[in-house]
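S.K.: Provided herewith: query-v6.pdb, PDB, C-alpha atoms.
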ATOM      1  CA  MET A   1      36.804  89.861 126.867
ATOM      2  CA  ARG A   2      36.611  87.159 129.504
ATOM      3  CA  TYR A   3      34.271  87.284 132.490
ATOM      4  CA  SER A   4      33.971  85.840 135.977
ATOM      5  CA  THR A   5      31.533  85.973 138.877
ATOM      6  CA  LEU A   6      32.574  87.631 142.121
ATOM      7  CA  GLY A   7      32.292  84.816 144.629
ATOM      8  CA  ALA A   8      28.838  84.378 146.091
ATOM      9  CA  THR A   9      27.663  87.889 145.131
ATOM     10  CA  GLY A  10      26.324  86.876 141.710
ATOM     11  CA  LEU A  11      27.994  89.944 140.184
ATOM     12  CA  LYS A  12      29.457  89.127 136.763
ATOM     13  CA  VAL A  13      32.519  91.184 135.864
ATOM     14  CA  SER A  14      35.073  91.410 133.100
ATOM     15  CA  ARG A  15      38.445  89.901 133.979
ATOM     16  CA  LEU A  16      39.985  93.268 133.137
ATOM     17  CA  GLY A  17      38.458  96.147 135.072
ATOM     18  CA  LEU A  18      39.045  99.887 135.047
ATOM     19  CA  GLY A  19      40.611 101.515 138.082
ATOM     20  CA  THR A  20      40.533 105.274 138.497
ATOM     21  CA  THR A  21      43.492 106.117 140.724
ATOM     22  CA  THR A  22      45.216 107.600 137.675
ATOM     23  CA  PHE A  23      42.491 110.262 137.601
ATOM     24  CA  MET A  24      44.154 111.730 140.719
ATOM     25  CA  GLY A  25      47.072 112.863 138.593
ATOM     26  CA  ILE A  26      49.638 110.922 140.626
ATOM     27  CA  PHE A  27      51.414 109.833 137.427
ATOM     28  CA  ALA A  28      50.472 112.650 135.049
ATOM     29  CA  ARG A  29      47.733 115.249 134.976
ATOM     30  CA  ARG A  30      44.869 114.298 132.693
ATOM     31  CA  PRO A  31      41.908 116.454 131.666
ATOM     32  CA  PRO A  32      38.467 115.086 132.547
ATOM     33  CA  GLN A  33      37.650 114.533 128.878
ATOM     34  CA  ALA A  34      40.629 112.181 128.448
ATOM     35  CA  SER A  35      39.611 110.096 131.461
ATOM     36  CA  GLN A  36      36.044 109.882 130.251
ATOM     37  CA  ARG A  37      37.220 108.750 126.796
ATOM     38  CA  VAL A  38      39.142 105.924 128.451
ATOM     39  CA  LEU A  39      36.081 104.874 130.430
ATOM     40  CA  LEU A  40      33.812 104.892 127.404
ATOM     41  CA  ARG A  41      36.393 103.033 125.315
ATOM     42  CA  GLY A  42      36.541 100.379 128.022
ATOM     43  CA  LEU A  43      32.779  99.979 128.129
ATOM     44  CA  ASP A  44      32.651  99.637 124.352
ATOM     45  CA  ALA A  45      35.352  96.942 124.548
ATOM     46  CA  GLY A  46      33.341  94.874 127.012
ATOM     47  CA  ILE A  47      34.761  96.008 130.353
ATOM     48  CA  THR A  48      32.035  95.790 132.989
ATOM     49  CA  LEU A  49      33.962  96.516 136.203
ATOM     50  CA  VAL A  50      34.731 100.107 137.226
ATOM     51  CA  ASP A  51      36.420 100.834 140.551
ATOM     52  CA  THR A  52      36.765 104.230 142.191
ATOM     53  CA  ALA A  53      36.926 105.908 145.613
ATOM     54  CA  PRO A  54      36.150 109.285 147.188
ATOM     55  CA  SER A  55      39.840 109.857 147.992
ATOM     56  CA  TYR A  56      40.858 109.657 144.319
ATOM     57  CA  GLY A  57      41.153 113.356 143.612
ATOM     58  CA  GLN A  58      38.974 114.073 146.658
ATOM     59  CA  GLY A  59      35.812 113.236 144.750
ATOM     60  CA  LEU A  60      36.914 114.140 141.231
ATOM     61  CA  ALA A  61      37.330 110.536 140.068
ATOM     62  CA  GLU A  62      33.810 109.698 141.198
ATOM     63  CA  GLU A  63      32.433 112.786 139.454
ATOM     64  CA  TRP A  64      34.166 111.862 136.197
ATOM     65  CA  VAL A  65      32.966 108.268 136.423
ATOM     66  CA  GLY A  66      29.440 109.501 137.066
ATOM     67  CA  ARG A  67      29.522 111.680 133.955
ATOM     68  CA  ALA A  68      30.878 108.869 131.788
ATOM     69  CA  LEU A  69      28.241 106.416 133.003
ATOM     70  CA  ARG A  70      25.225 108.606 132.314
ATOM     71  CA  GLY A  71      22.825 106.382 130.423
ATOM     72  CA  ARG A  72      25.131 103.355 130.844
ATOM     73  CA  ARG A  73      25.053 102.723 134.597
ATOM     74  CA  GLU A  74      23.380  99.318 134.224
ATOM     75  CA  GLU A  75      26.213  98.091 131.993
ATOM     76  CA  VAL A  76      28.751  98.046 134.811
ATOM     77  CA  VAL A  77      29.553  96.635 138.218
ATOM     78  CA  LEU A  78      30.449  99.868 140.002
ATOM     79  CA  THR A  79      32.568  99.790 143.153
ATOM     80  CA  THR A  80      33.688 102.523 145.518
ATOM     81  CA  LYS A  81      35.121 102.788 149.005
ATOM     82  CA  ALA A  82      34.522 104.194 152.465
ATOM     83  CA  GLY A  83      36.835 105.280 155.252
ATOM     84  CA  CYS A  84      39.384 107.359 153.304
ATOM     85  CA  TYR A  85      38.335 110.714 151.886
ATOM     86  CA  ALA A  86      41.682 112.277 150.978
ATOM     87  CA  PRO A  87      45.105 110.673 150.599
ATOM     88  CA  GLY A  88      46.325 109.697 154.063
ATOM     89  CA  SER A  89      43.123 110.873 155.792
ATOM     90  CA  PHE A  90      40.993 108.136 157.378
ATOM     91  CA  ASP A  91      37.700 108.178 159.281
ATOM     92  CA  PHE A  92      35.955 104.847 159.814
ATOM     93  CA  SER A  93      33.230 106.157 162.112
ATOM     94  CA  PRO A  94      29.729 104.919 161.197
ATOM     95  CA  ALA A  95      28.405 108.438 160.687
ATOM     96  CA  ARG A  96      31.239 109.343 158.313
ATOM     97  CA  ILE A  97      30.879 106.107 156.375
ATOM     98  CA  ARG A  98      27.194 106.846 155.859
ATOM     99  CA  SER A  99      27.654 110.483 154.891
ATOM    100  CA  GLY A 100      30.633 109.579 152.713
ATOM    101  CA  LEU A 101      28.624 107.009 150.808
ATOM    102  CA  GLU A 102      25.799 109.467 150.227
ATOM    103  CA  ASP A 103      28.349 111.924 148.828
ATOM    104  CA  SER A 104      29.774 109.175 146.588
ATOM    105  CA  LEU A 105      26.335 108.215 145.283
ATOM    106  CA  ARG A 106      25.589 111.843 144.462
ATOM    107  CA  ARG A 107      28.847 112.252 142.563
ATOM    108  CA  LEU A 108      28.376 108.940 140.765
ATOM    109  CA  GLY A 109      24.791 109.764 139.847
ATOM    110  CA  THR A 110      23.383 106.480 141.105
ATOM    111  CA  GLY A 111      21.198 105.200 143.908
ATOM    112  CA  HIS A 112      23.512 102.333 144.810
ATOM    113  CA  VAL A 113      26.937 100.886 144.166
ATOM    114  CA  ASP A 114      27.570  97.220 143.531
ATOM    115  CA  VAL A 115      30.442  96.721 145.976
ATOM    116  CA  LEU A 116      31.326  99.037 148.857
ATOM    117  CA  PHE A 117      34.831  98.465 150.232
ATOM    118  CA  ALA A 118      36.291  99.528 153.551
ATOM    119  CA  HIS A 119      39.302 101.389 152.181
ATOM    120  CA  ASP A 120      42.857 100.398 153.165
ATOM    121  CA  VAL A 121      41.823  98.525 156.278
ATOM    122  CA  GLU A 122      45.340  98.363 157.714
ATOM    123  CA  HIS A 123      44.585 101.925 158.837
ATOM    124  CA  CYS A 124      41.670 100.720 160.972
ATOM    125  CA  ALA A 125      42.070  99.024 164.342
ATOM    126  CA  PRO A 126      41.393  95.281 163.766
ATOM    127  CA  GLY A 127      38.718  94.993 166.448
ATOM    128  CA  ARG A 128      36.915  98.041 165.155
ATOM    129  CA  LEU A 129      36.983  96.740 161.586
ATOM    130  CA  VAL A 130      35.301  93.483 162.597
ATOM    131  CA  GLU A 131      32.939  94.789 165.255
ATOM    132  CA  GLU A 132      31.890  98.146 163.825
ATOM    133  CA  VAL A 133      32.991  98.967 160.277
ATOM    134  CA  LEU A 134      31.921  95.816 158.425
ATOM    135  CA  PRO A 135      28.568  95.714 160.283
ATOM    136  CA  VAL A 136      27.883  99.292 159.111
ATOM    137  CA  LEU A 137      28.628  98.266 155.535
ATOM    138  CA  GLU A 138      26.318  95.271 155.915
ATOM    139  CA  ARG A 139      23.511  97.513 157.144
ATOM    140  CA  LEU A 140      24.030  99.718 154.109
ATOM    141  CA  ARG A 141      23.762  96.584 151.976
ATOM    142  CA  ASP A 142      20.520  95.647 153.726
ATOM    143  CA  GLU A 143      19.231  99.160 152.986
ATOM    144  CA  GLY A 144      19.969  98.751 149.281
ATOM    145  CA  LYS A 145      22.845 101.236 149.123
ATOM    146  CA  THR A 146      25.249  98.529 147.970
ATOM    147  CA  ARG A 147      24.803  95.010 146.665
ATOM    148  CA  ALA A 148      27.910  93.574 148.335
ATOM    149  CA  VAL A 149      30.560  94.577 150.885
ATOM    150  CA  GLY A 150      34.290  94.128 150.882
ATOM    151  CA  VAL A 151      37.672  95.212 152.188
ATOM    152  CA  SER A 152      40.690  96.697 150.423
ATOM    153  CA  GLY A 153      44.301  97.248 151.347
ATOM    154  CA  LEU A 154      47.944  96.400 150.855
ATOM    155  CA  LEU A 155      48.583  94.204 153.888
ATOM    156  CA  LEU A 156      47.156  90.714 153.559
ATOM    157  CA  GLU A 157      46.538  89.737 157.182
ATOM    158  CA  PRO A 158      43.903  92.445 157.897
ATOM    159  CA  LEU A 159      42.131  91.406 154.702
ATOM    160  CA  ALA A 160      42.228  87.735 155.712
ATOM    161  CA  ALA A 161      40.900  88.593 159.172
ATOM    162  CA  ALA A 162      37.976  90.463 157.614
ATOM    163  CA  VAL A 163      37.113  87.367 155.595
ATOM    164  CA  ARG A 164      37.466  85.005 158.560
ATOM    165  CA  HIS A 165      35.655  87.051 161.179
ATOM    166  CA  ALA A 166      33.502  89.664 159.468
ATOM    167  CA  GLY A 167      32.026  88.096 156.356
ATOM    168  CA  ALA A 168      33.632  90.270 153.693
ATOM    169  CA  GLU A 169      32.344  89.154 150.278
ATOM    170  CA  VAL A 170      35.013  90.707 148.051
ATOM    171  CA  VAL A 171      38.670  91.497 148.731
ATOM    172  CA  GLN A 172      40.681  94.037 146.795
ATOM    173  CA  SER A 173      44.427  94.213 147.254
ATOM    174  CA  TYR A 174      47.004  96.070 145.221
ATOM    175  CA  CYS A 175      50.621  95.448 144.232
ATOM    176  CA  ARG A 176      50.548  92.027 145.916
ATOM    177  CA  TYR A 177      50.478  89.819 142.840
ATOM    178  CA  GLY A 178      52.853  90.410 140.004
ATOM    179  CA  LEU A 179      56.254  89.651 138.598
ATOM    180  CA  HIS A 180      57.797  91.044 141.794
ATOM    181  CA  ASP A 181      55.499  89.569 144.472
ATOM    182  CA  ARG A 182      53.134  86.611 144.303
ATOM    183  CA  SER A 183      52.052  86.553 147.942
ATOM    184  CA  LEU A 184      48.373  87.266 147.165
ATOM    185  CA  ALA A 185      47.911  83.945 145.343
ATOM    186  CA  ALA A 186      47.707  81.665 148.400
ATOM    187  CA  PRO A 187      45.179  83.716 150.419
ATOM    188  CA  ALA A 188      43.143  84.319 147.259
ATOM    189  CA  ALA A 189      42.877  80.548 146.798
ATOM    190  CA  ASP A 190      41.635  80.225 150.374
ATOM    191  CA  TRP A 191      39.137  83.032 149.883
ATOM    192  CA  ARG A 192      37.834  81.419 146.716
ATOM    193  CA  ALA A 193      37.190  78.215 148.672
ATOM    194  CA  ARG A 194      35.044  80.370 150.977
ATOM    195  CA  ARG A 195      33.260  81.857 147.921
ATOM    196  CA  VAL A 196      34.926  85.226 148.481
ATOM    197  CA  ALA A 197      36.223  87.027 145.385
ATOM    198  CA  THR A 198      39.624  88.655 144.910
ATOM    199  CA  ILE A 199      40.322  91.726 142.777
ATOM    200  CA  LEU A 200      43.884  92.846 142.102
ATOM    201  CA  GLY A 201      44.655  96.528 141.789
ATOM    202  CA  SER A 202      47.830  97.921 140.258
ATOM    203  CA  PRO A 203      49.295  94.871 138.516
ATOM    204  CA  LEU A 204      52.150  97.176 137.473
ATOM    205  CA  ALA A 205      52.835  97.900 141.170
ATOM    206  CA  MET A 206      52.189 101.652 140.929
ATOM    207  CA  GLY A 207      54.635 102.058 138.061
ATOM    208  CA  LEU A 208      57.383  99.826 139.458
ATOM    209  CA  LEU A 209      56.920  97.281 136.657
ATOM    210  CA  THR A 210      57.338  99.670 133.758
ATOM    211  CA  ARG A 211      60.146 100.643 131.434
ATOM    212  CA  ALA A 212      60.169 104.187 132.836
ATOM    213  CA  GLY A 213      60.251 102.986 136.434
ATOM    214  CA  PRO A 214      58.270 104.183 139.448
ATOM    215  CA  PRO A 215      57.599 107.819 140.357
ATOM    216  CA  GLY A 216      59.669 109.505 143.026
ATOM    217  CA  TRP A 217      57.089 109.012 145.775
ATOM    218  CA  HIS A 218      57.027 105.227 145.291
ATOM    219  CA  PRO A 219      57.729 103.381 148.574
ATOM    220  CA  ALA A 220      59.527 100.344 147.101
ATOM    221  CA  PRO A 221      62.869  99.568 148.775
ATOM    222  CA  ALA A 222      66.069 100.087 146.821
ATOM    223  CA  ALA A 223      66.709  96.394 146.106
ATOM    224  CA  LEU A 224      63.225  95.968 144.649
ATOM    225  CA  ARG A 225      63.659  99.056 142.450
ATOM    226  CA  ALA A 226      66.992  97.728 141.203
ATOM    227  CA  ALA A 227      65.442  94.348 140.371
ATOM    228  CA  ALA A 228      62.663  96.075 138.428
ATOM    229  CA  ARG A 229      65.247  98.005 136.403
ATOM    230  CA  ARG A 230      66.994  94.728 135.553
ATOM    231  CA  ALA A 231      63.651  93.208 134.574
ATOM    232  CA  ALA A 232      62.879  96.134 132.253
ATOM    233  CA  ALA A 233      66.263  95.689 130.591
ATOM    234  CA  VAL A 234      65.686  91.959 130.108
ATOM    235  CA  CYS A 235      62.352  92.680 128.444
ATOM    236  CA  ALA A 236      63.935  95.263 126.167
ATOM    237  CA  GLU A 237      66.598  92.741 125.129
ATOM    238  CA  HIS A 238      63.827  90.341 124.119
ATOM    239  CA  GLY A 239      61.898  92.980 122.217
ATOM    240  CA  THR A 240      59.021  93.176 124.654
ATOM    241  CA  ASP A 241      57.797  95.567 127.341
ATOM    242  CA  LEU A 242      57.850  94.975 131.103
ATOM    243  CA  ALA A 243      54.422  96.550 131.628
ATOM    244  CA  SER A 244      52.826  94.343 128.992
ATOM    245  CA  LEU A 245      54.430  91.244 130.481
ATOM    246  CA  ALA A 246      53.282  92.217 133.976
ATOM    247  CA  MET A 247      49.702  92.750 132.828
ATOM    248  CA  ARG A 248      49.572  89.409 131.018
ATOM    249  CA  TYR A 249      51.108  87.653 134.013
ATOM    250  CA  ALA A 250      48.492  89.040 136.403
ATOM    251  CA  LEU A 251      45.592  88.244 134.073
ATOM    252  CA  ALA A 252      46.820  84.639 133.801
ATOM    253  CA  CYS A 253      46.603  84.084 137.583
ATOM    254  CA  PRO A 254      43.731  81.625 138.173
ATOM    255  CA  GLN A 255      43.161  82.754 141.770
ATOM    256  CA  LEU A 256      42.205  86.289 140.755
ATOM    257  CA  ASP A 257      38.661  87.119 139.691
ATOM    258  CA  ALA A 258      39.553  90.460 138.110
ATOM    259  CA  VAL A 259      42.549  92.721 137.516
ATOM    260  CA  LEU A 260      42.211  96.500 137.455
ATOM    261  CA  THR A 261      44.031  98.696 134.998
ATOM    262  CA  GLY A 262      44.465 102.422 135.165
ATOM    263  CA  ALA A 263      44.877 103.861 131.671
ATOM    264  CA  GLY A 264      45.819 107.405 130.792
ATOM    265  CA  ASP A 265      44.613 107.308 127.186
ATOM    266  CA  PRO A 266      42.660 104.969 124.877
ATOM    267  CA  GLY A 267      45.859 103.637 123.281
ATOM    268  CA  HIS A 268      47.197 102.590 126.674
ATOM    269  CA  LEU A 269      43.891 100.892 127.404
ATOM    270  CA  ASP A 270      43.976  99.061 124.058
ATOM    271  CA  ARG A 271      47.391  97.624 124.936
ATOM    272  CA  ASN A 272      46.008  96.307 128.207
ATOM    273  CA  LEU A 273      42.962  94.895 126.450
ATOM    274  CA  ARG A 274      45.263  92.897 124.182
ATOM    275  CA  ALA A 275      46.892  91.436 127.289
ATOM    276  CA  VAL A 276      43.622  89.636 128.068
ATOM    277  CA  GLU A 277      44.085  87.542 124.945
ATOM    278  CA  SER A 278      47.753  86.545 125.237
ATOM    279  CA  ALA A 279      49.928  84.658 127.705
ATOM    280  CA  PRO A 280      53.467  85.653 128.771
ATOM    281  CA  GLU A 281      56.337  84.238 126.735
ATOM    282  CA  PRO A 282      57.846  81.455 128.923
ATOM    283  CA  GLU A 283      61.484  82.295 128.189
ATOM    284  CA  VAL A 284      61.114  85.983 128.928
ATOM    285  CA  LEU A 285      58.927  85.300 131.962
ATOM    286  CA  ASP A 286      61.514  82.975 133.513
ATOM    287  CA  ALA A 287      64.269  85.517 132.963
ATOM    288  CA  VAL A 288      62.238  88.348 134.496
ATOM    289  CA  LEU A 289      61.161  86.291 137.508
ATOM    290  CA  GLY A 290      64.820  85.501 138.004
ATOM    291  CA  CYS A 291      65.567  89.204 138.382
ATOM    292  CA  PHE A 292      63.469  89.248 141.544
ATOM    293  CA  ALA A 293      64.545  85.854 142.909
ATOM    294  CA  ASP A 294      67.033  87.172 145.473
ATOM    295  CA  VAL A 295      65.016  90.189 146.604
ATOM    296  CA  THR A 296      63.900  89.694 150.201
ATOM    297  CA  GLU A 297      61.696  92.807 150.532
ATOM    298  CA  ARG A 298      58.960  92.424 147.925
ATOM    299  CA  THR A 299      56.573  94.977 149.437
ATOM    300  CA  TRP A 300      56.622  97.895 151.884
ATOM    301  CA  PRO A 301      54.954  99.003 155.131
ATOM    302  CA  SER A 302      51.459 100.440 155.187
ATOM    303  CA  GLY A 303      49.027 101.428 157.915
ATOM    304  CA  ASP A 304      49.267 101.794 161.638
ATOM    305  CA  GLY A 305      46.178  99.920 162.867
ATOM    306  CA  GLY A 306      44.548 103.262 163.584
ATOM    307  CA  GLU A 307      43.136 106.195 161.672
ATOM    308  CA  GLY A 308      46.021 108.468 160.790
ATOM    309  CA  ASP A 309      48.712 109.116 158.244
ATOM    310  CA  ASP A 310      51.386 106.553 157.576
ATOM    311  CA  GLU A 311      54.461 107.737 159.457
ATOM    312  CA  GLY A 312      56.785 109.287 156.935
ATOM    313  CA  ASN A 313      54.438 108.613 154.013
ATOM    314  CA  GLY A 314      52.278 111.706 154.004
ATOM    315  CA  ASP A 315      52.903 112.377 150.302
ATOM    316  CA  ARG A 316      52.170 108.847 149.135
ATOM    317  CA  PRO A 317      48.681 107.971 147.855
ATOM    318  CA  ALA A 318      46.703 105.941 150.365
ATOM    319  CA  ALA A 319      46.032 103.351 147.690
ATOM    320  CA  GLY A 320      47.662 103.111 144.329
ATOM    321  CA  ARG A 321      45.310 101.412 141.933
TER     322      ARG A 321
END
Can you dump the structure from the file as C-alpha cells?

M.R.:
Amino acid sequence: MRYSTLGATGLKVSRLGLGTTTFMGIFARRPPQASQRVLLRGLDAGITLVDTAPSYGQGLAEEWVGRALRGRREEVVLTTKAGCYAPGSFDFSPARIRSGLEDSLRRLGTGHVDVLFAHDVEHCAPGRLVEEVLPVLERLRDEGKTRAVGVSGLLLEPLAAAVRHAGAEVVQSYCRYGLHDRSLAAPAADWRARRVATILGSPLAMGLLTRAGPPGWHPAPAALRAAARRAAAVCAEHGTDLASLAMRYALACPQLDAVLTGAGDPGHLDRNLRAVESAPEPEVLDAVLGCFADVTERTWPSGDGGEGDDEGNGDRPAAGR
C-alpha cells in the first residue's frame, strides 16, 4: 500500500480508500456481513481511509462501518458528510448539521470523525455555503467533533469557491477524473499548491467504466455511454478489463491524494488492491482514451444551488461513490 498526507491536515491516508456508497444497494443488495468483511479485509491490507455518509442507506452504511471498526477505530481516517440525509434530500441549516453529525457519531460509535464534508455542495446556495455552512463545520472542528473540514460534490466550481473563499481543507469529487473525464486534474493541482487535499470518489464513474456498463439510473448522456461501450470492447480485445484499467489510471494521477473504491466482496477489493501496484498498459490506455476523444459531454448536470431534489433526477443517488 502507498500512503499520502491530506494537505495541511496532517492526516496520513492510504492512496486507496474504501467508499461505502455500494452499501446502499444501488448496484446490488449486499447483506451487512458481506460489507463488513470487505471493510475488515481492507484494513488488514493496509487501507486507512474509510468514507461514508448518513444518506448512504439512510444511516445503514454508517452503522455497518461502526460495527466493523469496533476495536479498530484508531487504525483509520474516518470521514462522513453533512447536509444530505437521504438521496436527493438536503438540509444545510446549522441545527440540522449539528444534529446530523451527532447521529452519525452515534452510528459510527466514535466521539469524532477525521474529516467532515459538506455533502454535494452544488445543492447549497453559494453564499450560504461560504457564509454559514463552512463556518458551522469549522466550529464543530474547534469543538473536537472533527479534525478537518471539507466539501464534496460533482461540479467543480462550487468546490473551488469553497477552497478560495471558505478555507476548505479537503475536497472530494466523484466521477471527475478517469478515462472519460480528466477535468479534476487542473483544479486539484491548484488546491495542492494551497495545501488542500483532493480525494476522488467513483473512479469507475458509477459503473460507466465497467464491462457490464452503468445501471439504468445512470445520468451519463448517450454519447458518453456509447464511448464507454467501445472502450470496454477495446479492453476485451486486448485481454484486459475496463474497470481494472480505470482504477489503475486514477491511482496513477499525481494530483490526487486518495482514490475511493466501493467493493461488493473481498475478491473485488483484492482486484482493486492490485491496481495500486501496477500502471496502465500504454497501448491499451491510448486506445481507450481515443474512444472518448470526440465526446463533448463528459459529465452531467447536478444541483440547483438550493436545497431540493435535482429536477428529473429524483431516483438517482445524490452522490455515487

S.K.: Evaluating the PyMOL selection byres ((chain A and resi 290) around 12) on the displayed file yields which residues, as an mmCIF file with C-alpha atoms, in the frame of the given file?

M.R.:
data_model
loop_
_atom_site.group_PDB
_atom_site.id
_atom_site.type_symbol
_atom_site.label_atom_id
_atom_site.label_comp_id
_atom_site.auth_asym_id
_atom_site.auth_seq_id
_atom_site.Cartn_x
_atom_site.Cartn_y
_atom_site.Cartn_z
ATOM 1 C CA LEU A 179 56.254 89.651 138.598
ATOM 2 C CA HIS A 180 57.797 91.044 141.794
ATOM 3 C CA ALA A 227 65.442 94.348 140.371
ATOM 4 C CA ALA A 228 62.663 96.075 138.428
ATOM 5 C CA ARG A 230 66.994 94.728 135.553
ATOM 6 C CA ALA A 231 63.651 93.208 134.574
ATOM 7 C CA VAL A 234 65.686 91.959 130.108
ATOM 8 C CA GLU A 283 61.484 82.295 128.189
ATOM 9 C CA VAL A 284 61.114 85.983 128.928
ATOM 10 C CA LEU A 285 58.927 85.300 131.962
ATOM 11 C CA ASP A 286 61.514 82.975 133.513
ATOM 12 C CA ALA A 287 64.269 85.517 132.963
ATOM 13 C CA VAL A 288 62.238 88.348 134.496
ATOM 14 C CA LEU A 289 61.161 86.291 137.508
ATOM 15 C CA CYS A 291 65.567 89.204 138.382
ATOM 16 C CA PHE A 292 63.469 89.248 141.544
ATOM 17 C CA ALA A 293 64.545 85.854 142.909
ATOM 18 C CA ASP A 294 67.033 87.172 145.473
ATOM 19 C CA VAL A 295 65.016 90.189 146.604
#

S.K.: Quick one: distance from CA of Val151 in chain A to CA of Cys124 in chain A in Å, one decimal?

M.R.: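 Computed distance, CA of Val151 in chain A to CA of Cys124 in chain A, equals 11.1 Å.
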
S.K.: Counting all atoms listed in the file, what are the residues of range 109-177 of chain A within 12 Å of range 62-69 of chain A, and for each of them which pair of atoms is the nearest and at what distance in Å, to one decimal? Sort the table by chain and rising number, as JSON lines.

M.R.:
{"residue": "A:Gly109", "atom": "CA", "partner": "A:Gly66", "partner_atom": "CA", "distance": 5.4}
{"residue": "A:Thr110", "atom": "CA", "partner": "A:Gly66", "partner_atom": "CA", "distance": 7.9}
{"residue": "A:Gly111", "atom": "CA", "partner": "A:Gly66", "partner_atom": "CA", "distance": 11.5}
{"residue": "A:Val113", "atom": "CA", "partner": "A:Gly66", "partner_atom": "CA", "distance": 11.4}

S.K.: What is the distance between CA of Ala82 in chain A and CA of Asp120 in chain A, in Å to one decimal?

M.R.: 9.2 Å

S.K.: Can you list, as an MDAnalysis selection string, the residues that the PyMOL selection byres ((chain A and resi 132-138) around 10) selects here?

M.R.: chainID A and resid 82:83 92:95 97:98 101 115:118 121 124:131 139:151 162 165:168

S.K.: I'd like the interatomic distance between CA of Ala189 in chain A and CA of Asp114 in chain A, to a tenth of an Å.

M.R.: 22.9 Å

S.K.: Name the residues that the PyMOL selection byres ((chain A and resi 187) around 12) pulls out of this structure, and write them as an MDAnalysis selection string.

M.R.: chainID A and resid 155:161 163:164 171:173 176:177 182:186 188:194 196:198 255:256

S.K.: Save the residues we just selected, C-alpha atoms, as a PDB file, in the coordinates of the input?

M.R.:
ATOM      1  CA  LEU A 155      48.583  94.204 153.888  1.00  0.00           C
ATOM      2  CA  LEU A 156      47.156  90.714 153.559  1.00  0.00           C
ATOM      3  CA  GLU A 157      46.538  89.737 157.182  1.00  0.00           C
ATOM      4  CA  PRO A 158      43.903  92.445 157.897  1.00  0.00           C
ATOM      5  CA  LEU A 159      42.131  91.406 154.702  1.00  0.00           C
ATOM      6  CA  ALA A 160      42.228  87.735 155.712  1.00  0.00           C
ATOM      7  CA  ALA A 161      40.900  88.593 159.172  1.00  0.00           C
ATOM      8  CA  VAL A 163      37.113  87.367 155.595  1.00  0.00           C
ATOM      9  CA  ARG A 164      37.466  85.005 158.560  1.00  0.00           C
ATOM     10  CA  VAL A 171      38.670  91.497 148.731  1.00  0.00           C
ATOM     11  CA  GLN A 172      40.681  94.037 146.795  1.00  0.00           C
ATOM     12  CA  SER A 173      44.427  94.213 147.254  1.00  0.00           C
ATOM     13  CA  ARG A 176      50.548  92.027 145.916  1.00  0.00           C
ATOM     14  CA  TYR A 177      50.478  89.819 142.840  1.00  0.00           C
ATOM     15  CA  ARG A 182      53.134  86.611 144.303  1.00  0.00           C
ATOM     16  CA  SER A 183      52.052  86.553 147.942  1.00  0.00           C
ATOM     17  CA  LEU A 184      48.373  87.266 147.165  1.00  0.00           C
ATOM     18  CA  ALA A 185      47.911  83.945 145.343  1.00  0.00           C
ATOM     19  CA  ALA A 186      47.707  81.665 148.400  1.00  0.00           C
ATOM     20  CA  ALA A 188      43.143  84.319 147.259  1.00  0.00           C
ATOM     21  CA  ALA A 189      42.877  80.548 146.798  1.00  0.00           C
ATOM     22  CA  ASP A 190      41.635  80.225 150.374  1.00  0.00           C
ATOM     23  CA  TRP A 191      39.137  83.032 149.883  1.00  0.00           C
ATOM     24  CA  ARG A 192      37.834  81.419 146.716  1.00  0.00           C
ATOM     25  CA  ALA A 193      37.190  78.215 148.672  1.00  0.00           C
ATOM     26  CA  ARG A 194      35.044  80.370 150.977  1.00  0.00           C
ATOM     27  CA  VAL A 196      34.926  85.226 148.481  1.00  0.00           C
ATOM     28  CA  ALA A 197      36.223  87.027 145.385  1.00  0.00           C
ATOM     29  CA  THR A 198      39.624  88.655 144.910  1.00  0.00           C
ATOM     30  CA  GLN A 255      43.161  82.754 141.770  1.00  0.00           C
ATOM     31  CA  LEU A 256      42.205  86.289 140.755  1.00  0.00           C
TER      32      LEU A 256
END

S.K.: Which residue, A:Leu108, A:Cys235, A:Leu60, A:Ala34, has the smallest gap to Gly267 in chain A when you use only C-alpha atoms?

M.R.: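 When distances to Gly267 in chain A are compared using only C-alpha atoms, the smallest one comes from A:Ala34.
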
S.K.: Ranking A:Leu40, A:Ala226, A:Val276, A:Leu6 by minimum distance to Gly71 in chain A and counting all atoms listed in the file, which one comes first?

M.R.: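 Ranked by minimum distance to Gly71 in chain A, first place goes to A:Leu40.
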
S.K.: Rank A:Asp91, A:Glu297, A:Asp270, A:Asp257 by their smallest atom-to-atom distance to Gly46 in chain A, using all atoms listed in the file, and report the top residue only.

M.R.: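 Closest candidate: A:Asp270.
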
S.K.: For Pro54 in chain A, which residue out of A:Thr296, A:Ser302, A:Thr80, A:Thr9 is the nearest one, using all atoms listed in the file?

M.R.: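 Between A:Thr296, A:Ser302, A:Thr80, A:Thr9, the residue approaching Pro54 in chain A most closely is A:Thr80.
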
S.K.: Which residue, A:Leu39, A:Gly305, A:Ala232, A:Ser99, has the smallest gap to Arg72 in chain A when you use all atoms listed in the file?

M.R.: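 Residue with the minimum atom-to-atom distance to Arg72 in chain A: A:Leu39.
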
S.K.: Nearest to Arg73 in chain A: which of A:Gly59, A:Glu102, A:Asp304, A:Thr48 is it, counting only C-alpha atoms?

M.R.: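 Checking each of A:Gly59, A:Glu102, A:Asp304, A:Thr48 against Arg73 in chain A, counting only C-alpha atoms, the winner is A:Thr48.
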
S.K.: Enclose range 188-191 of chain A, meaning all of its atoms listed in the file, in a box aligned along x, y and z, pad it by 8 Å on each side, and list the centre and edge lengths in Å to one decimal, as JSON.

M.R.:
{"center_x": 41.1, "center_y": 82.3, "center_z": 148.6, "size_x": 20.0, "size_y": 20.1, "size_z": 19.6}
